[in-house]
Amino acid sequence: MLMMTVGESEIEQSIGLLGRREVDLEDTFSRANSEGGSTRNSSDGTSLPSSFQEEKLDNDDVSLQQRRSIQTWQYRIIYVVLALLILLFGIGSIITTVVSAKASSSSSTTEKGQAVNMGSCGLTVQEARTHGCVFDLMMSGWLHPACYDAELSDAFLRAGNFTFYAEREAMNLVSEAEARRGEYEFLYTDGTYHYQHCAYIFAKQVRAHKRAPLVLDNKSRSREHVEHCWTLLGRPNVTRLGMETGTKIQGSPFKLQCISGEVDLP
(Lines give C-alpha, C1' and ligand atoms only; values in the text may rest on other atoms or scores of the structure.)
Protein backbone atom coordinates (compact mmCIF):
# COMPACT_ATOMS: atom_id res chain seq x y z
CA MET A 1 0.00 0.00 0.00
CA LEU A 2 2.86 2.33 0.76
CA MET A 3 4.57 1.46 -2.51
CA MET A 4 1.46 2.25 -4.47
CA THR A 5 1.16 5.55 -2.70
CA VAL A 6 4.77 6.43 -3.55
CA GLY A 7 4.30 5.47 -7.21
CA GLU A 8 1.16 7.44 -7.53
CA SER A 9 2.89 10.43 -6.00
CA GLU A 10 5.70 10.27 -8.59
CA ILE A 11 3.25 9.95 -11.46
CA GLU A 12 1.30 12.94 -10.21
CA GLN A 13 4.51 14.95 -10.00
CA SER A 14 5.44 14.05 -13.59
CA ILE A 15 1.99 14.93 -14.83
CA GLY A 16 2.27 18.25 -13.00
CA LEU A 17 5.57 19.03 -14.64
CA LEU A 18 4.17 18.28 -18.09
CA GLY A 19 1.22 20.47 -17.38
CA ARG A 20 3.42 23.36 -16.37
CA ARG A 21 5.52 22.94 -19.53
CA GLU A 22 2.43 23.08 -21.69
CA VAL A 23 1.31 26.19 -19.86
CA ASP A 24 4.74 27.78 -20.34
CA LEU A 25 4.69 26.91 -24.05
CA GLU A 26 1.21 28.36 -24.45
CA ASP A 27 2.33 31.53 -22.65
CA THR A 28 5.28 31.84 -25.03
CA PHE A 29 3.01 31.49 -28.06
CA SER A 30 0.52 33.90 -26.60
CA ARG A 31 3.19 36.54 -26.02
CA ALA A 32 4.44 36.10 -29.56
CA ASN A 33 0.95 36.53 -30.94
CA SER A 34 0.23 39.50 -28.75
CA GLU A 35 3.34 41.25 -30.21
CA GLY A 36 1.75 41.29 -33.68
CA GLY A 37 2.96 37.91 -34.95
CA SER A 38 0.98 35.00 -36.18
CA THR A 39 1.57 31.29 -36.17
CA ARG A 40 1.98 28.70 -38.88
CA ASN A 41 2.09 24.96 -38.79
CA SER A 42 5.34 23.17 -39.13
CA SER A 43 5.78 20.06 -41.20
CA ASP A 44 4.80 17.91 -38.18
CA GLY A 45 1.68 19.95 -37.48
CA THR A 46 3.16 22.01 -34.66
CA SER A 47 2.10 25.64 -34.67
CA LEU A 48 5.13 28.02 -34.87
CA PRO A 49 5.41 31.78 -34.35
CA SER A 50 5.19 33.99 -37.47
CA SER A 51 8.56 35.54 -36.68
CA PHE A 52 10.22 32.28 -37.74
CA GLN A 53 8.21 32.29 -40.96
CA GLU A 54 9.11 35.91 -41.73
CA GLU A 55 12.78 35.25 -41.07
CA LYS A 56 12.75 32.34 -43.51
CA LEU A 57 10.89 34.41 -46.13
CA ASP A 58 13.41 37.20 -45.69
CA ASN A 59 16.22 34.71 -46.26
CA ASP A 60 14.49 33.40 -49.39
CA ASP A 61 14.04 36.94 -50.73
CA VAL A 62 17.70 37.72 -50.14
CA SER A 63 18.76 34.52 -51.92
CA LEU A 64 16.48 35.32 -54.88
CA GLN A 65 17.81 38.86 -55.13
CA GLN A 66 21.39 37.56 -55.08
CA ARG A 67 20.65 35.11 -57.88
CA ARG A 68 18.99 37.85 -59.93
CA SER A 69 21.92 40.17 -59.32
CA ILE A 70 24.37 37.48 -60.45
CA GLN A 71 22.31 36.79 -63.57
CA THR A 72 22.16 40.51 -64.32
CA TRP A 73 25.95 40.81 -64.14
CA GLN A 74 26.35 37.72 -66.28
CA TYR A 75 24.10 39.23 -68.96
CA ARG A 76 25.99 42.51 -68.74
CA ILE A 77 29.31 40.72 -69.20
CA ILE A 78 27.94 38.82 -72.21
CA TYR A 79 26.63 42.05 -73.76
CA VAL A 80 29.97 43.78 -73.19
CA VAL A 81 31.91 40.88 -74.74
CA LEU A 82 29.58 40.79 -77.76
CA ALA A 83 29.84 44.55 -78.16
CA LEU A 84 33.64 44.35 -78.05
CA LEU A 85 33.68 41.56 -80.63
CA ILE A 86 31.38 43.50 -82.94
CA LEU A 87 33.52 46.60 -82.45
CA LEU A 88 36.72 44.68 -83.20
CA PHE A 89 35.25 43.10 -86.32
CA GLY A 90 33.93 46.48 -87.42
CA ILE A 91 37.30 48.16 -86.90
CA GLY A 92 39.02 45.29 -88.70
CA SER A 93 36.63 45.62 -91.63
CA ILE A 94 37.18 49.38 -91.79
CA ILE A 95 40.95 48.98 -91.62
CA THR A 96 40.85 46.34 -94.35
CA THR A 97 38.72 48.58 -96.55
CA VAL A 98 40.97 51.59 -95.98
CA VAL A 99 44.13 49.58 -96.62
CA SER A 100 42.61 48.08 -99.78
CA ALA A 101 41.52 51.51 -100.97
CA LYS A 102 44.99 52.92 -100.29
CA ALA A 103 46.62 49.98 -102.04
CA SER A 104 44.32 50.42 -105.03
CA SER A 105 44.97 54.17 -105.04
CA SER A 106 48.70 53.57 -104.72
CA SER A 107 48.58 51.07 -107.60
CA SER A 108 46.60 53.50 -109.71
CA THR A 109 49.04 56.27 -108.89
CA THR A 110 51.97 54.06 -109.81
CA GLU A 111 50.40 53.15 -113.12
CA LYS A 112 48.86 56.48 -114.12
CA GLY A 113 49.63 59.17 -111.60
CA GLN A 114 53.41 58.79 -112.02
CA ALA A 115 53.41 58.92 -115.81
CA VAL A 116 56.24 61.15 -116.97
CA ASN A 117 55.74 63.33 -120.01
CA MET A 118 59.10 64.24 -121.46
CA GLY A 119 57.37 66.79 -123.64
CA SER A 120 58.05 67.74 -127.21
CA CYS A 121 61.43 68.38 -128.71
CA GLY A 122 60.94 72.11 -129.28
CA LEU A 123 59.59 74.43 -131.97
CA THR A 124 62.49 74.23 -134.39
CA VAL A 125 64.81 71.62 -135.79
CA GLN A 126 67.69 73.24 -133.94
CA GLU A 127 65.84 73.04 -130.60
CA ALA A 128 65.02 69.41 -131.27
CA ARG A 129 68.64 68.59 -131.87
CA THR A 130 69.69 70.59 -128.81
CA HIS A 131 67.33 68.47 -126.70
CA GLY A 132 68.95 65.34 -128.07
CA CYS A 133 65.90 64.26 -130.06
CA VAL A 134 65.90 61.94 -133.05
CA PHE A 135 63.87 62.30 -136.24
CA ASP A 136 61.62 59.31 -136.96
CA LEU A 137 60.75 59.36 -140.65
CA MET A 138 57.95 56.80 -140.19
CA MET A 139 56.32 59.22 -137.70
CA SER A 140 57.50 62.31 -139.61
CA GLY A 141 58.48 63.97 -136.38
CA TRP A 142 61.17 64.47 -133.74
CA LEU A 143 61.18 62.19 -130.69
CA HIS A 144 63.12 61.78 -127.49
CA PRO A 145 65.38 58.72 -127.91
CA ALA A 146 63.33 56.73 -125.37
CA CYS A 147 60.33 56.76 -127.74
CA TYR A 148 62.29 56.08 -130.91
CA ASP A 149 62.32 52.44 -132.05
CA ALA A 150 65.14 52.61 -134.60
CA GLU A 151 65.01 48.92 -135.43
CA LEU A 152 61.29 48.96 -136.18
CA SER A 153 61.45 52.26 -138.09
CA ASP A 154 64.28 51.02 -140.31
CA ALA A 155 62.39 47.79 -141.00
CA PHE A 156 59.30 49.66 -142.22
CA LEU A 157 61.36 52.03 -144.36
CA ARG A 158 63.10 49.11 -146.05
CA ALA A 159 59.83 47.28 -146.62
CA GLY A 160 58.14 50.42 -148.00
CA ASN A 161 61.00 51.41 -150.27
CA PHE A 162 59.51 54.87 -150.49
CA THR A 163 60.48 57.58 -152.94
CA PHE A 164 60.35 61.16 -151.68
CA TYR A 165 59.73 64.37 -153.59
CA ALA A 166 59.79 68.04 -152.68
CA GLU A 167 56.45 68.74 -154.40
CA ARG A 168 53.30 66.92 -155.45
CA GLU A 169 54.27 67.15 -159.11
CA ALA A 170 57.26 64.87 -158.34
CA MET A 171 59.82 67.08 -160.02
CA ASN A 172 62.53 67.22 -157.36
CA LEU A 173 63.62 63.97 -155.83
CA VAL A 174 64.60 63.93 -152.12
CA SER A 175 66.83 61.10 -150.96
CA GLU A 176 65.88 58.99 -147.95
CA ALA A 177 69.02 60.13 -146.15
CA GLU A 178 67.98 63.75 -146.62
CA ALA A 179 64.42 62.99 -145.55
CA ARG A 180 65.75 61.32 -142.38
CA ARG A 181 67.36 64.62 -141.33
CA GLY A 182 63.90 66.08 -140.78
CA GLU A 183 64.75 69.51 -142.16
CA TYR A 184 61.77 69.73 -144.46
CA GLU A 185 58.42 71.42 -143.98
CA PHE A 186 56.58 69.13 -146.38
CA LEU A 187 57.46 66.04 -148.40
CA TYR A 188 55.48 63.91 -150.83
CA THR A 189 55.83 60.19 -151.18
CA ASP A 190 54.03 57.03 -152.29
CA GLY A 191 50.34 56.59 -151.54
CA THR A 192 51.21 53.47 -149.51
CA TYR A 193 53.18 55.49 -146.94
CA HIS A 194 50.09 56.61 -145.02
CA TYR A 195 48.91 53.02 -144.62
CA GLN A 196 52.39 51.85 -143.64
CA HIS A 197 52.53 54.66 -141.08
CA CYS A 198 49.34 53.34 -139.44
CA ALA A 199 50.68 49.78 -139.44
CA TYR A 200 53.88 51.14 -137.90
CA ILE A 201 51.89 52.69 -135.01
CA PHE A 202 50.21 49.38 -134.21
CA ALA A 203 53.57 47.60 -134.33
CA LYS A 204 55.05 50.22 -131.96
CA GLN A 205 52.24 49.64 -129.48
CA VAL A 206 52.80 45.89 -129.48
CA ARG A 207 56.54 46.22 -128.95
CA ALA A 208 56.22 48.98 -126.32
CA HIS A 209 53.77 46.93 -124.22
CA LYS A 210 56.34 44.17 -123.91
CA ARG A 211 58.49 46.45 -121.78
CA ALA A 212 57.87 48.13 -118.44
CA PRO A 213 57.29 50.92 -117.92
CA LEU A 214 55.38 51.66 -121.11
CA VAL A 215 57.28 54.27 -123.12
CA LEU A 216 55.36 55.53 -126.13
CA ASP A 217 54.70 58.78 -127.98
CA ASN A 218 51.39 60.61 -127.69
CA LYS A 219 50.33 59.93 -131.30
CA SER A 220 50.69 56.20 -130.85
CA ARG A 221 48.63 56.45 -127.63
CA SER A 222 45.90 58.72 -129.01
CA ARG A 223 42.51 57.04 -129.38
CA GLU A 224 41.54 59.46 -132.15
CA HIS A 225 44.68 58.71 -134.13
CA VAL A 226 44.31 54.96 -133.64
CA GLU A 227 40.64 55.08 -134.73
CA HIS A 228 41.68 57.10 -137.79
CA CYS A 229 44.25 54.45 -138.66
CA TRP A 230 41.98 51.43 -138.43
CA THR A 231 39.34 53.28 -140.45
CA LEU A 232 41.96 54.07 -143.09
CA LEU A 233 43.20 50.50 -143.21
CA GLY A 234 39.68 49.13 -143.28
CA ARG A 235 38.65 51.36 -146.20
CA PRO A 236 41.73 51.95 -148.37
CA ASN A 237 41.63 54.52 -151.15
CA VAL A 238 42.72 52.41 -154.07
CA THR A 239 43.27 55.42 -156.31
CA ARG A 240 45.60 57.15 -153.86
CA LEU A 241 47.44 53.92 -153.11
CA GLY A 242 48.75 53.83 -156.66
CA MET A 243 49.84 57.48 -156.77
CA GLU A 244 53.55 58.30 -156.75
CA THR A 245 52.93 61.32 -154.51
CA GLY A 246 49.72 60.15 -152.86
CA THR A 247 50.90 60.98 -149.32
CA LYS A 248 51.83 64.43 -148.06
CA ILE A 249 54.19 64.35 -145.05
CA GLN A 250 54.48 67.32 -142.74
CA GLY A 251 57.67 67.64 -140.76
CA SER A 252 57.09 69.14 -137.30
CA PRO A 253 59.46 69.09 -134.33
CA PHE A 254 56.78 69.90 -131.72
CA LYS A 255 53.83 67.63 -132.52
CA LEU A 256 55.21 64.48 -130.85
CA GLN A 257 55.64 64.01 -127.09
CA CYS A 258 57.35 61.11 -125.39
CA ILE A 259 55.52 59.68 -122.34
CA SER A 260 56.68 57.06 -119.87
CA GLY A 261 53.99 55.20 -117.91
CA GLU A 262 50.31 54.46 -118.39
CA VAL A 263 48.12 57.38 -119.43
CA ASP A 264 44.95 57.70 -121.52
CA LEU A 265 44.91 60.26 -124.29
CA PRO A 266 42.00 61.39 -126.50
# chains A, B, ... in the order shown; residues from 1 in each chain; ligands from 1
>>> select_by_dssp(residues="stretch 137-173 of chain A", states="alpha helix (DSSP H)", output="count of residues only")
11
>>> closest_residue(among="A:Leu233, A:Leu256, A:Ala155, A:Met139", to="A:Ile201", atoms="only C-alpha atoms")
A:Met139
>>> atom_distance(atom1="atom CA of A:Thr245", atom2="atom CA of A:Asn161")
13.5 Å
>>> closest_residue(among="A:Gln65, A:Glu244, A:Asp149, A:Gln257", to="A:Gln205", atoms="only C-alpha atoms")
A:Asp149
>>> residues_around(residues="A:Cys121", least_positions_apart="6", cutoff="9 Å", atoms="only C-alpha atoms", output="ChimeraX atom specification")
/A:127-134,142-144,253-258
>>> closest_residue(among="A:Ala115, A:Ile77, A:Val125, A:Val226", to="A:His197", atoms="only C-alpha atoms")
A:Val226
>>> atom_distance(atom1="atom CA of A:Arg180", atom2="atom CA of A:Val263")
29.2 Å
>>> closest_residue(among="A:Ala170, A:Val238, A:Ala203, A:Met118", to="A:Ile259", atoms="only C-alpha atoms")
A:Met118
>>> closest_residue(among="A:Thr192, A:Thr163, A:Glu176, A:Arg168", to="A:Gly242", atoms="only C-alpha atoms")
A:Thr192
>>> atom_distance(atom1="atom CA of A:Val215", atom2="atom CA of A:Thr189")
28.7 Å
>>> closest_residue(among="A:Leu232, A:Leu152, A:Leu137, A:Leu173", to="A:Arg207", atoms="only C-alpha atoms")
A:Leu152
>>> residues_around(residues="A:His209", least_positions_apart="3", cutoff="12 Å", atoms="only C-alpha atoms", output="number ranges by chain")
A: 202-206, 212-216, 220-221, 260-262
>>> residues_around(residues="A:Thr239", least_positions_apart="4", cutoff="10 Å", atoms="only C-alpha atoms", output="PyMOL selection string")
chain A and resi 191+243+246
>>> write_last_selection(atoms="all heavy atoms", output="short mmCIF file (atom, residue, chain, number, x, y, z; two decimals), in the first residue's frame")
data_model
loop_
_atom_site.label_atom_id
_atom_site.label_comp_id
_atom_site.auth_asym_id
_atom_site.auth_seq_id
_atom_site.Cartn_x
_atom_site.Cartn_y
_atom_site.Cartn_z
N GLY A 191 51.64 56.68 -152.19
CA GLY A 191 50.34 56.59 -151.54
C GLY A 191 50.29 55.52 -150.47
O GLY A 191 49.45 55.56 -149.55
N MET A 243 49.23 56.21 -156.37
CA MET A 243 49.84 57.48 -156.77
C MET A 243 51.28 57.59 -156.25
O MET A 243 51.58 57.21 -155.12
CB MET A 243 49.01 58.66 -156.24
CG MET A 243 47.62 58.75 -156.86
SD MET A 243 46.62 60.07 -156.12
CE MET A 243 47.63 61.50 -156.49
N GLY A 246 51.05 60.22 -153.48
CA GLY A 246 49.72 60.15 -152.86
C GLY A 246 49.69 60.52 -151.39
O GLY A 246 48.62 60.71 -150.81
#
>>> decode(residues="stretch 194-210 of chain A", atoms="N, CA, C and O atoms", output="PDB file, in the first residue's frame")
ATOM      1  N   HIS A 194      51.057  56.328-146.064  1.00  0.00           N
ATOM      2  CA  HIS A 194      50.087  56.613-145.022  1.00  0.00           C
ATOM      3  C   HIS A 194      49.610  55.321-144.360  1.00  0.00           C
ATOM      4  O   HIS A 194      49.486  55.227-143.127  1.00  0.00           O
ATOM      5  N   TYR A 195      49.386  54.297-145.149  1.00  0.00           N
ATOM      6  CA  TYR A 195      48.913  53.018-144.622  1.00  0.00           C
ATOM      7  C   TYR A 195      50.027  52.310-143.848  1.00  0.00           C
ATOM      8  O   TYR A 195      49.782  51.706-142.790  1.00  0.00           O
ATOM      9  N   GLN A 196      51.254  52.438-144.356  1.00  0.00           N
ATOM     10  CA  GLN A 196      52.389  51.855-143.639  1.00  0.00           C
ATOM     11  C   GLN A 196      52.640  52.587-142.313  1.00  0.00           C
ATOM     12  O   GLN A 196      53.049  51.968-141.322  1.00  0.00           O
ATOM     13  N   HIS A 197      52.396  53.874-142.323  1.00  0.00           N
ATOM     14  CA  HIS A 197      52.526  54.657-141.081  1.00  0.00           C
ATOM     15  C   HIS A 197      51.573  54.136-140.013  1.00  0.00           C
ATOM     16  O   HIS A 197      51.958  53.974-138.843  1.00  0.00           O
ATOM     17  N   CYS A 198      50.324  53.854-140.407  1.00  0.00           N
ATOM     18  CA  CYS A 198      49.343  53.335-139.441  1.00  0.00           C
ATOM     19  C   CYS A 198      49.745  51.948-138.946  1.00  0.00           C
ATOM     20  O   CYS A 198      49.638  51.638-137.750  1.00  0.00           O
ATOM     21  N   ALA A 199      50.206  51.114-139.845  1.00  0.00           N
ATOM     22  CA  ALA A 199      50.677  49.783-139.440  1.00  0.00           C
ATOM     23  C   ALA A 199      51.873  49.903-138.499  1.00  0.00           C
ATOM     24  O   ALA A 199      52.024  49.120-137.540  1.00  0.00           O
ATOM     25  N   TYR A 200      52.710  50.904-138.745  1.00  0.00           N
ATOM     26  CA  TYR A 200      53.876  51.144-137.897  1.00  0.00           C
ATOM     27  C   TYR A 200      53.447  51.508-136.469  1.00  0.00           C
ATOM     28  O   TYR A 200      54.062  51.044-135.491  1.00  0.00           O
ATOM     29  N   ILE A 201      52.392  52.298-136.341  1.00  0.00           N
ATOM     30  CA  ILE A 201      51.891  52.693-135.010  1.00  0.00           C
ATOM     31  C   ILE A 201      51.427  51.471-134.226  1.00  0.00           C
ATOM     32  O   ILE A 201      51.733  51.313-133.040  1.00  0.00           O
ATOM     33  N   PHE A 202      50.684  50.584-134.900  1.00  0.00           N
ATOM     34  CA  PHE A 202      50.209  49.380-134.210  1.00  0.00           C
ATOM     35  C   PHE A 202      51.385  48.491-133.799  1.00  0.00           C
ATOM     36  O   PHE A 202      51.387  47.913-132.703  1.00  0.00           O
ATOM     37  N   ALA A 203      52.380  48.403-134.659  1.00  0.00           N
ATOM     38  CA  ALA A 203      53.568  47.604-134.326  1.00  0.00           C
ATOM     39  C   ALA A 203      54.325  48.215-133.148  1.00  0.00           C
ATOM     40  O   ALA A 203      54.828  47.498-132.268  1.00  0.00           O
ATOM     41  N   LYS A 204      54.386  49.543-133.094  1.00  0.00           N
ATOM     42  CA  LYS A 204      55.045  50.220-131.962  1.00  0.00           C
ATOM     43  C   LYS A 204      54.320  49.913-130.655  1.00  0.00           C
ATOM     44  O   LYS A 204      54.960  49.674-129.617  1.00  0.00           O
ATOM     45  N   GLN A 205      53.004  49.929-130.685  1.00  0.00           N
ATOM     46  CA  GLN A 205      52.236  49.641-129.482  1.00  0.00           C
ATOM     47  C   GLN A 205      52.529  48.232-128.967  1.00  0.00           C
ATOM     48  O   GLN A 205      52.726  48.029-127.758  1.00  0.00           O
ATOM     49  N   VAL A 206      52.542  47.284-129.881  1.00  0.00           N
ATOM     50  CA  VAL A 206      52.798  45.890-129.482  1.00  0.00           C
ATOM     51  C   VAL A 206      54.182  45.754-128.852  1.00  0.00           C
ATOM     52  O   VAL A 206      54.346  45.142-127.786  1.00  0.00           O
ATOM     53  N   ARG A 207      55.181  46.331-129.477  1.00  0.00           N
ATOM     54  CA  ARG A 207      56.545  46.219-128.948  1.00  0.00           C
ATOM     55  C   ARG A 207      56.712  46.985-127.634  1.00  0.00           C
ATOM     56  O   ARG A 207      57.376  46.516-126.703  1.00  0.00           O
ATOM     57  N   ALA A 208      56.088  48.156-127.529  1.00  0.00           N
ATOM     58  CA  ALA A 208      56.218  48.977-126.318  1.00  0.00           C
ATOM     59  C   ALA A 208      55.567  48.301-125.111  1.00  0.00           C
ATOM     60  O   ALA A 208      56.061  48.429-123.981  1.00  0.00           O
ATOM     61  N   HIS A 209      54.465  47.582-125.336  1.00  0.00           N
ATOM     62  CA  HIS A 209      53.768  46.934-124.220  1.00  0.00           C
ATOM     63  C   HIS A 209      54.511  45.700-123.697  1.00  0.00           C
ATOM     64  O   HIS A 209      54.130  45.147-122.668  1.00  0.00           O
ATOM     65  N   LYS A 210      55.533  45.290-124.382  1.00  0.00           N
ATOM     66  CA  LYS A 210      56.338  44.167-123.905  1.00  0.00           C
ATOM     67  C   LYS A 210      57.366  44.611-122.870  1.00  0.00           C
ATOM     68  O   LYS A 210      58.014  43.773-122.242  1.00  0.00           O
TER      69      LYS A 210
END
